[in-house]
file query-v7.cif (mmCIF, C-alpha atoms and all ligand atoms)
data_final
loop_
_atom_site.group_PDB
_atom_site.id
_atom_site.type_symbol
_atom_site.label_atom_id
_atom_site.label_comp_id
_atom_site.auth_asym_id
_atom_site.auth_seq_id
_atom_site.Cartn_x
_atom_site.Cartn_y
_atom_site.Cartn_z
ATOM 1 C CA MET A 1 1.352 -14.250 16.224
ATOM 2 C CA MET A 2 3.178 -14.833 12.926
ATOM 3 C CA ILE A 3 4.461 -11.868 10.901
ATOM 4 C CA LEU A 4 4.366 -11.280 7.156
ATOM 5 C CA HIS A 5 6.904 -8.698 5.983
ATOM 6 C CA SER A 6 5.134 -7.377 2.947
ATOM 7 C CA HIS A 7 4.537 -4.608 0.435
ATOM 8 C CA PRO A 8 1.154 -3.747 -1.126
ATOM 9 C CA ALA A 9 2.571 -3.743 -4.682
ATOM 10 C CA SER A 10 4.310 -7.116 -4.519
ATOM 11 C CA PRO A 11 2.677 -9.958 -6.475
ATOM 12 C CA PHE A 12 4.703 -12.482 -4.462
ATOM 13 C CA VAL A 13 3.278 -11.055 -1.232
ATOM 14 C CA ARG A 14 -0.155 -11.201 -2.836
ATOM 15 C CA LYS A 15 0.244 -14.962 -3.364
ATOM 16 C CA VAL A 16 0.880 -15.342 0.369
ATOM 17 C CA ARG A 17 -1.975 -13.039 1.392
ATOM 18 C CA ILE A 18 -4.435 -14.940 -0.818
ATOM 19 C CA ALA A 19 -3.294 -18.258 0.664
ATOM 20 C CA ILE A 20 -3.581 -16.899 4.228
ATOM 21 C CA GLN A 21 -7.172 -15.799 3.599
ATOM 22 C CA MET A 22 -8.185 -18.926 1.713
ATOM 23 C CA LEU A 23 -6.809 -21.183 4.449
ATOM 24 C CA GLY A 24 -8.497 -19.229 7.260
ATOM 25 C CA LEU A 25 -5.231 -18.148 8.896
ATOM 26 C CA ALA A 26 -5.740 -14.365 8.767
ATOM 27 C CA ASP A 27 -6.173 -13.908 12.514
ATOM 28 C CA ARG A 28 -2.812 -15.596 13.160
ATOM 29 C CA VAL A 29 -0.720 -13.353 10.874
ATOM 30 C CA GLU A 30 0.259 -9.718 11.374
ATOM 31 C CA MET A 31 1.153 -7.772 8.219
ATOM 32 C CA ARG A 32 4.135 -5.408 8.375
ATOM 33 C CA ASP A 33 4.965 -3.192 5.414
ATOM 34 C CA ALA A 34 8.676 -3.264 4.602
ATOM 35 C CA ASP A 35 10.916 -0.815 2.781
ATOM 36 C CA VAL A 36 13.065 -3.068 0.612
ATOM 37 C CA ASN A 37 15.501 -0.204 -0.025
ATOM 38 C CA ASP A 38 16.090 0.656 3.649
ATOM 39 C CA PRO A 39 19.071 -1.218 5.108
ATOM 40 C CA ALA A 40 17.656 -0.572 8.610
ATOM 41 C CA ASP A 41 14.307 -2.189 7.845
ATOM 42 C CA PRO A 42 13.769 -5.299 10.028
ATOM 43 C CA LEU A 43 13.106 -7.219 6.781
ATOM 44 C CA ARG A 44 16.849 -7.759 6.228
ATOM 45 C CA ARG A 45 17.258 -9.337 9.681
ATOM 46 C CA HIS A 46 14.723 -11.972 8.688
ATOM 47 C CA ASN A 47 15.591 -12.360 5.008
ATOM 48 C CA PRO A 48 19.230 -11.568 4.141
ATOM 49 C CA LEU A 49 18.142 -11.159 0.520
ATOM 50 C CA GLY A 50 16.029 -8.167 1.586
ATOM 51 C CA LYS A 51 13.035 -9.368 -0.417
ATOM 52 C CA VAL A 52 9.364 -9.550 0.436
ATOM 53 C CA PRO A 53 7.560 -11.716 1.277
ATOM 54 C CA ALA A 54 9.380 -12.879 4.393
ATOM 55 C CA PHE A 55 7.373 -14.800 6.951
ATOM 56 C CA VAL A 56 8.289 -15.064 10.633
ATOM 57 C CA ARG A 57 6.909 -18.113 12.399
ATOM 58 C CA GLU A 58 5.721 -18.153 16.018
ATOM 59 C CA ASN A 59 9.095 -19.614 17.098
ATOM 60 C CA GLY A 60 10.857 -16.600 15.512
ATOM 61 C CA SER A 61 12.381 -18.461 12.562
ATOM 62 C CA ALA A 62 11.862 -16.917 9.140
ATOM 63 C CA LEU A 63 10.690 -18.472 5.878
ATOM 64 C CA TYR A 64 11.104 -17.230 2.325
ATOM 65 C CA ASP A 65 10.473 -17.165 -0.605
ATOM 66 C CA SER A 66 6.795 -17.290 -1.593
ATOM 67 C CA PRO A 67 6.654 -20.999 -2.666
ATOM 68 C CA VAL A 68 8.218 -22.020 0.664
ATOM 69 C CA ILE A 69 5.816 -19.804 2.624
ATOM 70 C CA LEU A 70 2.832 -21.220 0.720
ATOM 71 C CA GLU A 71 4.004 -24.744 1.495
ATOM 72 C CA TYR A 72 4.283 -23.848 5.189
ATOM 73 C CA LEU A 73 0.790 -22.301 5.229
ATOM 74 C CA ASP A 74 -0.640 -25.426 3.598
ATOM 75 C CA HIS A 75 1.128 -27.543 6.244
ATOM 76 C CA LEU A 76 -0.256 -25.307 9.046
ATOM 77 C CA ALA A 77 -3.785 -25.728 7.689
ATOM 78 C CA GLY A 78 -3.463 -29.514 7.745
ATOM 79 C CA GLY A 79 -1.927 -30.156 4.310
ATOM 80 C CA GLY A 80 -3.298 -31.022 0.889
ATOM 81 C CA PHE A 81 -5.309 -27.831 0.400
ATOM 82 C CA ILE A 82 -3.269 -25.613 -1.939
ATOM 83 C CA ILE A 83 -0.566 -28.201 -2.639
ATOM 84 C CA PRO A 84 -2.264 -31.391 -3.797
ATOM 85 C CA ARG A 85 -1.116 -34.632 -2.165
ATOM 86 C CA GLU A 86 -1.552 -36.730 -5.317
ATOM 87 C CA PRO A 87 1.831 -36.692 -7.135
ATOM 88 C CA GLU A 88 0.675 -35.835 -10.686
ATOM 89 C CA ALA A 89 -1.559 -32.997 -9.472
ATOM 90 C CA ARG A 90 1.144 -31.853 -7.051
ATOM 91 C CA PHE A 91 3.895 -31.592 -9.665
ATOM 92 C CA ALA A 92 1.536 -29.925 -12.140
ATOM 93 C CA ALA A 93 0.655 -27.296 -9.516
ATOM 94 C CA LEU A 94 4.316 -26.753 -8.556
ATOM 95 C CA ALA A 95 5.409 -26.470 -12.216
ATOM 96 C CA LEU A 96 2.615 -23.990 -12.933
ATOM 97 C CA GLN A 97 3.722 -21.954 -9.930
ATOM 98 C CA ALA A 98 7.344 -22.002 -11.168
ATOM 99 C CA LEU A 99 6.272 -20.797 -14.633
ATOM 100 C CA CYS A 100 4.157 -17.957 -13.243
ATOM 101 C CA ASP A 101 6.782 -16.969 -10.665
ATOM 102 C CA GLY A 102 9.378 -16.881 -13.453
ATOM 103 C CA ALA A 103 7.171 -14.598 -15.542
ATOM 104 C CA LEU A 104 6.692 -12.446 -12.440
ATOM 105 C CA ASP A 105 10.454 -12.273 -11.852
ATOM 106 C CA ALA A 106 10.926 -11.089 -15.452
ATOM 107 C CA SER A 107 8.081 -8.565 -15.103
ATOM 108 C CA TYR A 108 9.567 -7.244 -11.858
ATOM 109 C CA LEU A 109 13.009 -6.913 -13.467
ATOM 110 C CA LEU A 110 11.419 -4.927 -16.300
ATOM 111 C CA MET A 111 9.951 -2.556 -13.715
ATOM 112 C CA CYS A 112 13.387 -2.277 -12.072
ATOM 113 C CA GLU A 113 14.735 -0.996 -15.389
ATOM 114 C CA GLY A 114 12.634 2.141 -14.946
ATOM 115 C CA TRP A 115 13.336 2.442 -11.213
ATOM 116 C CA TYR A 116 17.087 1.889 -11.151
ATOM 117 C CA ARG A 117 18.448 2.710 -14.631
ATOM 118 C CA THR A 118 18.538 5.899 -16.666
ATOM 119 C CA PRO A 119 17.363 5.626 -20.304
ATOM 120 C CA GLU A 120 21.039 5.734 -21.416
ATOM 121 C CA GLN A 121 21.909 2.764 -19.203
ATOM 122 C CA ARG A 122 19.181 0.505 -20.550
ATOM 123 C CA VAL A 123 20.111 -2.359 -22.877
ATOM 124 C CA ALA A 124 17.406 -3.204 -25.417
ATOM 125 C CA ARG A 125 18.592 -6.799 -25.901
ATOM 126 C CA TRP A 126 18.274 -7.537 -22.181
ATOM 127 C CA ILE A 127 14.836 -5.891 -21.969
ATOM 128 C CA GLU A 128 13.648 -7.915 -24.973
ATOM 129 C CA LYS A 129 14.986 -11.070 -23.355
ATOM 130 C CA GLN A 130 12.919 -10.493 -20.185
ATOM 131 C CA ALA A 131 9.833 -9.477 -22.166
ATOM 132 C CA GLY A 132 10.204 -12.671 -24.229
ATOM 133 C CA LYS A 133 10.024 -14.807 -21.083
ATOM 134 C CA VAL A 134 6.721 -13.182 -20.115
ATOM 135 C CA GLU A 135 5.300 -13.479 -23.624
ATOM 136 C CA ARG A 136 6.224 -17.159 -23.967
ATOM 137 C CA ALA A 137 4.804 -17.936 -20.525
ATOM 138 C CA LEU A 138 1.512 -16.198 -21.382
ATOM 139 C CA THR A 139 1.329 -18.008 -24.743
ATOM 140 C CA THR A 140 1.889 -21.349 -22.998
ATOM 141 C CA LEU A 141 -0.757 -20.546 -20.379
ATOM 142 C CA GLU A 142 -3.246 -19.330 -22.986
ATOM 143 C CA ALA A 143 -2.908 -22.685 -24.785
ATOM 144 C CA ALA A 144 -3.458 -24.671 -21.580
ATOM 145 C CA SER A 145 -5.061 -22.617 -18.829
ATOM 146 C CA PRO A 146 -5.583 -24.800 -15.754
ATOM 147 C CA ALA A 147 -9.116 -26.020 -14.956
ATOM 148 C CA LEU A 148 -10.560 -24.305 -11.895
ATOM 149 C CA SER A 149 -12.516 -26.480 -9.490
ATOM 150 C CA GLY A 150 -12.521 -26.470 -5.705
ATOM 151 C CA MET A 151 -9.852 -24.603 -3.754
ATOM 152 C CA PRO A 152 -7.211 -23.123 -6.108
ATOM 153 C CA ASN A 153 -3.737 -24.589 -5.817
ATOM 154 C CA VAL A 154 -0.408 -22.744 -5.576
ATOM 155 C CA GLY A 155 -0.021 -22.699 -9.368
ATOM 156 C CA GLN A 156 -3.435 -21.160 -9.891
ATOM 157 C CA ILE A 157 -2.819 -18.598 -7.132
ATOM 158 C CA ALA A 158 0.474 -17.665 -8.829
ATOM 159 C CA LEU A 159 -1.225 -17.389 -12.233
ATOM 160 C CA ALA A 160 -3.892 -15.044 -10.842
ATOM 161 C CA CYS A 161 -1.160 -12.901 -9.254
ATOM 162 C CA LEU A 162 0.794 -12.845 -12.528
ATOM 163 C CA LEU A 163 -2.245 -11.603 -14.468
ATOM 164 C CA GLY A 164 -3.022 -9.121 -11.689
ATOM 165 C CA TYR A 165 0.538 -7.780 -11.829
ATOM 166 C CA ARG A 166 0.353 -7.424 -15.626
ATOM 167 C CA ASP A 167 -2.832 -5.382 -15.052
ATOM 168 C CA PHE A 168 -1.258 -3.291 -12.290
ATOM 169 C CA ARG A 169 2.126 -2.494 -13.860
ATOM 170 C CA PHE A 170 1.691 -3.152 -17.603
ATOM 171 C CA ASP A 171 -1.787 -1.733 -18.340
ATOM 172 C CA GLY A 172 -3.392 -5.145 -18.796
ATOM 173 C CA THR A 173 -2.091 -5.405 -22.367
ATOM 174 C CA TRP A 174 -2.235 -9.229 -22.056
ATOM 175 C CA ARG A 175 -6.052 -9.182 -22.028
ATOM 176 C CA GLU A 176 -6.697 -8.500 -25.704
ATOM 177 C CA THR A 177 -4.253 -11.086 -26.966
ATOM 178 C CA HIS A 178 -5.078 -13.846 -24.452
ATOM 179 C CA PRO A 179 -8.870 -14.293 -24.370
ATOM 180 C CA ARG A 180 -8.839 -17.673 -22.602
ATOM 181 C CA LEU A 181 -6.657 -16.298 -19.836
ATOM 182 C CA HIS A 182 -8.967 -13.309 -19.619
ATOM 183 C CA ALA A 183 -11.920 -15.639 -18.975
ATOM 184 C CA TRP A 184 -9.805 -17.674 -16.550
ATOM 185 C CA HIS A 185 -8.861 -14.518 -14.626
ATOM 186 C CA ASP A 186 -12.507 -13.488 -14.283
ATOM 187 C CA ALA A 187 -13.532 -16.964 -13.105
ATOM 188 C CA PHE A 188 -10.738 -16.941 -10.501
ATOM 189 C CA ALA A 189 -11.744 -13.460 -9.301
ATOM 190 C CA ALA A 190 -15.375 -14.583 -8.933
ATOM 191 C CA ALA A 191 -14.434 -17.762 -7.050
ATOM 192 C CA VAL A 192 -11.801 -16.308 -4.707
ATOM 193 C CA PRO A 193 -12.851 -13.199 -2.718
ATOM 194 C CA ALA A 194 -9.257 -12.872 -1.431
ATOM 195 C CA PHE A 195 -8.179 -11.870 -4.940
ATOM 196 C CA ALA A 196 -10.195 -8.613 -4.912
ATOM 197 C CA ALA A 197 -9.314 -8.085 -1.235
ATOM 198 C CA THR A 198 -5.584 -8.065 -2.068
ATOM 199 C CA MET A 199 -5.641 -5.722 -5.064
ATOM 200 C CA PRO A 200 -2.134 -4.231 -5.436
ATOM 201 C CA SER A 201 -1.345 -0.597 -4.741
ATOM 202 C CA SER A 202 1.847 1.430 -4.884
ATOM 203 C CA GLY A 203 1.883 1.797 -1.101
HETATM 204 N N1 LIG B 1 11.304 -15.493 -5.569
HETATM 205 C C1 LIG B 1 10.816 -14.530 -4.612
HETATM 206 C C2 LIG B 1 10.696 -13.165 -5.302
HETATM 207 C C3 LIG B 1 10.415 -12.044 -4.306
HETATM 208 C C4 LIG B 1 10.682 -10.676 -4.930
HETATM 209 O O1 LIG B 1 11.286 -10.533 -5.998
HETATM 210 N N2 LIG B 1 10.207 -9.631 -4.227
HETATM 211 C C5 LIG B 1 10.451 -8.264 -4.661
HETATM 212 C C6 LIG B 1 9.178 -7.429 -4.563
HETATM 213 S S1 LIG B 1 7.977 -7.922 -5.733
HETATM 214 C C7 LIG B 1 11.476 -7.635 -3.707
HETATM 215 O O2 LIG B 1 11.341 -7.766 -2.519
HETATM 216 N N3 LIG B 1 12.476 -6.938 -4.256
HETATM 217 C C8 LIG B 1 13.429 -6.231 -3.487
HETATM 218 C C9 LIG B 1 14.837 -6.575 -3.890
HETATM 219 O O3 LIG B 1 15.033 -7.429 -4.772
HETATM 220 O O4 LIG B 1 15.731 -6.006 -3.282
HETATM 221 C C10 LIG B 1 9.482 -15.002 -4.031
HETATM 222 O O5 LIG B 1 8.817 -15.829 -4.655
HETATM 223 O O6 LIG B 1 9.133 -14.605 -2.901
#
call {"tool": "encode", "arguments": {"input": "query-v7.cif", "output": "structure tokens"}}
result
Amino acid sequence: MMILHSHPASPFVRKVRIAIQMLGLADRVEMRDADVNDPADPLRRHNPLGKVPAFVRENGSALYDSPVILEYLDHLAGGGFIIPREPEARFAALALQALCDGALDASYLLMCEGWYRTPEQRVARWIEKQAGKVERALTTLEAASPALSGMPNVGQIALACLLGYRDFRFDGTWRETHPRLHAWHDAFAAAVPAFAATMPSSG
């Protein structure tokens, strides 16, 4: 049995959970909720960075972060499913994933502001800088949302998780200002049952 160190609120874990379900690997992976703030949590033995997701293979070796885990899952399933083999499609999917993961990193850091800093410690310029990354990513994606056909690739999975995280933590404010992404989100949700099945919660 493989193990996924996870947390129900993490959009990066959600990427992995969606891929596991889409690729039919669910009965081979055990989910273990981690406490990222607990030094004694087994998570840190597997990922020195103490971040979820961390994925422990059957031979005991660990993989992180989410793009690496997704690549491994695709390999386990036979390859070419969520990471296209054809170079142009492959690099487009990987670049889309990088953009969405970057916007997720910035969104997560904005949440950390509230969790780890008092109002007096916050620096408006830094907050604006992170918010700008998210806004520019969403503007770019609104102008060129990726066509959905067949099994979604890693970039499309990451985009769905980005929009889901903006719903979960930021009141879905992106919806009004990004109508094409709104439609894209709904089409993804209708096509991929794993998206609704992995709805985030605070845990
Ligand atoms: N680049 C990583 C990001 C993972 C990440 O930031 N995970 C957050 C939860 S959403 C975490 O574990 N944070 C705990 C920490 O940074 O100590 C990935 O794609 O897996």
call {"tool": "atom_distance", "arguments": {"input": "query-v7.cif", "atom1": "CA of Leu99 (chain A)", "atom2": "CA of Leu162 (chain A)"}}
result
9.9 Å
call {"tool": "residues_around", "arguments": {"input": "query-v7.cif", "residues": "region 149-158 of chain A", "least_positions_apart": "4", "cutoff": "10 Å", "atoms": "all atoms listed in the file", "output": "PyMOL selection string"}}
result
chain A and resi 11-12+14-16+18-19+22-23+66-67+70-71+74+80-84+89-101+103-104+145+162-164+184-185+188+191-192+195
call {"tool": "residues_near_point", "arguments": {"input": "query-v7.cif", "point": "(13.3, -1.7, -25.8)", "cutoff": "12 Å", "atoms": "all atoms listed in the file", "output": "PyMOL selection string"}}
result
chain A and resi 110+113-114+119-132
call {"tool": "resolve_selection", "arguments": {"input": "query-v7.cif", "expression": "the PyMOL selection byres (((not hetatm)) within 8 of (chain B and resi 1))", "output": "PyMOL selection string"}}
result
chain A and resi 7+9-13+36-37+49-54+64-67+101+105+108
call {"tool": "closest_residue", "arguments": {"input": "query-v7.cif", "among": "A:Ala147, A:His5, A:Val68, A:Phe55", "to": "Asp41 (chain A)", "atoms": "all atoms listed in the file"}}
result
A:His5
call {"tool": "atom_distance", "arguments": {"input": "query-v7.cif", "atom1": "CA of Gly24 (chain A)", "atom2": "CA of Pro200 (chain A)"}}
result
20.7 Å
call {"tool": "atom_distance", "arguments": {"input": "query-v7.cif", "atom1": "CA of Leu25 (chain A)", "atom2": "CA of Ala196 (chain A)"}}
result
17.5 Å
call {"tool": "closest_residue", "arguments": {"input": "query-v7.cif", "among": "A:Ala143, A:Val56, A:Ala106, A:Ala62", "to": "Arg180 (chain A)", "atoms": "only C-alpha atoms"}}
result
A:Ala143
call {"tool": "closest_residue", "arguments": {"input": "query-v7.cif", "among": "A:Leu73, A:Met31, A:Val134, A:Leu4", "to": "Arg166 (chain A)", "atoms": "only C-alpha atoms"}}
result
A:Val134
call {"tool": "closest_residue", "arguments": {"input": "query-v7.cif", "among": "A:Arg17, A:Thr173, A:Pro48, A:Asp35", "to": "Ile69 (chain A)", "atoms": "all atoms listed in the file"}}
result
A:Arg17
call {"tool": "resolve_selection", "arguments": {"input": "query-v7.cif", "expression": "the PyMOL selection byres (((chain A and resi 28) around 10) and not hetatm)", "output": "mmCIF file with C-alpha atoms, in the coordinates of the input"}}
result
data_model
loop_
_atom_site.group_PDB
_atom_site.id
_atom_site.type_symbol
_atom_site.label_atom_id
_atom_site.label_comp_id
_atom_site.auth_asym_id
_atom_site.auth_seq_id
_atom_site.Cartn_x
_atom_site.Cartn_y
_atom_site.Cartn_z
ATOM 1 C CA MET A 1 1.352 -14.250 16.224
ATOM 2 C CA MET A 2 3.178 -14.833 12.926
ATOM 3 C CA ILE A 3 4.461 -11.868 10.901
ATOM 4 C CA ILE A 20 -3.581 -16.899 4.228
ATOM 5 C CA GLY A 24 -8.497 -19.229 7.260
ATOM 6 C CA LEU A 25 -5.231 -18.148 8.896
ATOM 7 C CA ALA A 26 -5.740 -14.365 8.767
ATOM 8 C CA ASP A 27 -6.173 -13.908 12.514
ATOM 9 C CA VAL A 29 -0.720 -13.353 10.874
ATOM 10 C CA GLU A 30 0.259 -9.718 11.374
ATOM 11 C CA GLU A 58 5.721 -18.153 16.018
#
call {"tool": "axis_aligned_box", "arguments": {"input": "query-v7.cif", "around": "region 150-155 of chain A", "padding_each_side": "8 Å", "output": "AutoDock Vina command-line options"}}
result
--center_x -6.3 --center_y -24.6 --center_z -6.6 --size_x 28.5 --size_y 19.8 --size_z 21.6
call {"tool": "decode", "arguments": {"input": "query-v7.cif", "residues": "region 108-130 of chain A", "atoms": "N, CA and C atoms", "output": "PDB file, in the first residue's frame"}}
result
ATOM      1  N   TYR A 108      -1.700  30.690  -0.788  1.00  0.00           N
ATOM      2  CA  TYR A 108      -1.415  30.048   0.506  1.00  0.00           C
ATOM      3  C   TYR A 108      -0.623  30.999   1.407  1.00  0.00           C
ATOM      4  N   LEU A 109       0.343  31.715   0.824  1.00  0.00           N
ATOM      5  CA  LEU A 109       1.119  32.670   1.623  1.00  0.00           C
ATOM      6  C   LEU A 109       0.219  33.777   2.163  1.00  0.00           C
ATOM      7  N   LEU A 110      -0.768  34.184   1.365  1.00  0.00           N
ATOM      8  CA  LEU A 110      -1.709  35.209   1.849  1.00  0.00           C
ATOM      9  C   LEU A 110      -2.507  34.677   3.038  1.00  0.00           C
ATOM     10  N   MET A 111      -2.888  33.406   3.002  1.00  0.00           N
ATOM     11  CA  MET A 111      -3.574  32.819   4.145  1.00  0.00           C
ATOM     12  C   MET A 111      -2.648  32.779   5.363  1.00  0.00           C
ATOM     13  N   CYS A 112      -1.369  32.470   5.115  1.00  0.00           N
ATOM     14  CA  CYS A 112      -0.400  32.402   6.228  1.00  0.00           C
ATOM     15  C   CYS A 112      -0.281  33.737   6.949  1.00  0.00           C
ATOM     16  N   GLU A 113      -0.464  34.829   6.203  1.00  0.00           N
ATOM     17  CA  GLU A 113      -0.445  36.157   6.828  1.00  0.00           C
ATOM     18  C   GLU A 113      -1.398  36.202   8.018  1.00  0.00           C
ATOM     19  N   GLY A 114      -2.610  35.707   7.814  1.00  0.00           N
ATOM     20  CA  GLY A 114      -3.617  35.715   8.875  1.00  0.00           C
ATOM     21  C   GLY A 114      -3.313  34.708   9.973  1.00  0.00           C
ATOM     22  N   TRP A 115      -2.686  33.580   9.585  1.00  0.00           N
ATOM     23  CA  TRP A 115      -2.431  32.516  10.572  1.00  0.00           C
ATOM     24  C   TRP A 115      -1.222  32.805  11.440  1.00  0.00           C
ATOM     25  N   TYR A 116      -0.189  33.414  10.855  1.00  0.00           N
ATOM     26  CA  TYR A 116       1.094  33.505  11.562  1.00  0.00           C
ATOM     27  C   TYR A 116       1.519  34.930  11.922  1.00  0.00           C
ATOM     28  N   ARG A 117       0.812  35.957  11.426  1.00  0.00           N
ATOM     29  CA  ARG A 117       1.238  37.325  11.716  1.00  0.00           C
ATOM     30  C   ARG A 117       0.118  38.114  12.352  1.00  0.00           C
ATOM     31  N   THR A 118       0.454  38.959  13.298  1.00  0.00           N
ATOM     32  CA  THR A 118      -0.526  39.875  13.884  1.00  0.00           C
ATOM     33  C   THR A 118      -0.751  41.006  12.873  1.00  0.00           C
ATOM     34  N   PRO A 119      -1.879  41.737  12.990  1.00  0.00           N
ATOM     35  CA  PRO A 119      -2.118  42.846  12.060  1.00  0.00           C
ATOM     36  C   PRO A 119      -0.952  43.833  12.032  1.00  0.00           C
ATOM     37  N   GLU A 120      -0.300  44.066  13.168  1.00  0.00           N
ATOM     38  CA  GLU A 120       0.816  45.033  13.229  1.00  0.00           C
ATOM     39  C   GLU A 120       2.024  44.531  12.446  1.00  0.00           C
ATOM     40  N   GLN A 121       2.170  43.212  12.351  1.00  0.00           N
ATOM     41  CA  GLN A 121       3.350  42.656  11.676  1.00  0.00           C
ATOM     42  C   GLN A 121       3.192  42.615  10.159  1.00  0.00           C
ATOM     43  N   ARG A 122       1.975  42.801   9.680  1.00  0.00           N
ATOM     44  CA  ARG A 122       1.750  42.626   8.241  1.00  0.00           C
ATOM     45  C   ARG A 122       2.320  43.802   7.438  1.00  0.00           C
ATOM     46  N   VAL A 123       2.812  43.489   6.243  1.00  0.00           N
ATOM     47  CA  VAL A 123       3.420  44.513   5.390  1.00  0.00           C
ATOM     48  C   VAL A 123       2.592  44.606   4.102  1.00  0.00           C
ATOM     49  N   ALA A 124       1.919  45.740   3.929  1.00  0.00           N
ATOM     50  CA  ALA A 124       0.969  45.878   2.819  1.00  0.00           C
ATOM     51  C   ALA A 124       1.640  45.631   1.466  1.00  0.00           C
ATOM     52  N   ARG A 125       2.870  46.114   1.301  1.00  0.00           N
ATOM     53  CA  ARG A 125       3.546  45.985   0.006  1.00  0.00           C
ATOM     54  C   ARG A 125       3.760  44.512  -0.366  1.00  0.00           C
ATOM     55  N   TRP A 126       4.089  43.716   0.645  1.00  0.00           N
ATOM     56  CA  TRP A 126       4.316  42.279   0.402  1.00  0.00           C
ATOM     57  C   TRP A 126       2.992  41.569   0.091  1.00  0.00           C
ATOM     58  N   ILE A 127       1.938  41.953   0.808  1.00  0.00           N
ATOM     59  CA  ILE A 127       0.617  41.348   0.567  1.00  0.00           C
ATOM     60  C   ILE A 127       0.147  41.690  -0.848  1.00  0.00           C
ATOM     61  N   GLU A 128       0.336  42.960  -1.224  1.00  0.00           N
ATOM     62  CA  GLU A 128      -0.066  43.379  -2.585  1.00  0.00           C
ATOM     63  C   GLU A 128       0.732  42.622  -3.644  1.00  0.00           C
ATOM     64  N   LYS A 129       1.999  42.384  -3.341  1.00  0.00           N
ATOM     65  CA  LYS A 129       2.845  41.664  -4.302  1.00  0.00           C
ATOM     66  C   LYS A 129       2.296  40.247  -4.546  1.00  0.00           C
ATOM     67  N   GLN A 130       1.935  39.554  -3.465  1.00  0.00           N
ATOM     68  CA  GLN A 130       1.390  38.191  -3.612  1.00  0.00           C
ATOM     69  C   GLN A 130       0.037  38.229  -4.322  1.00  0.00           C
TER      70      GLN A 130
END
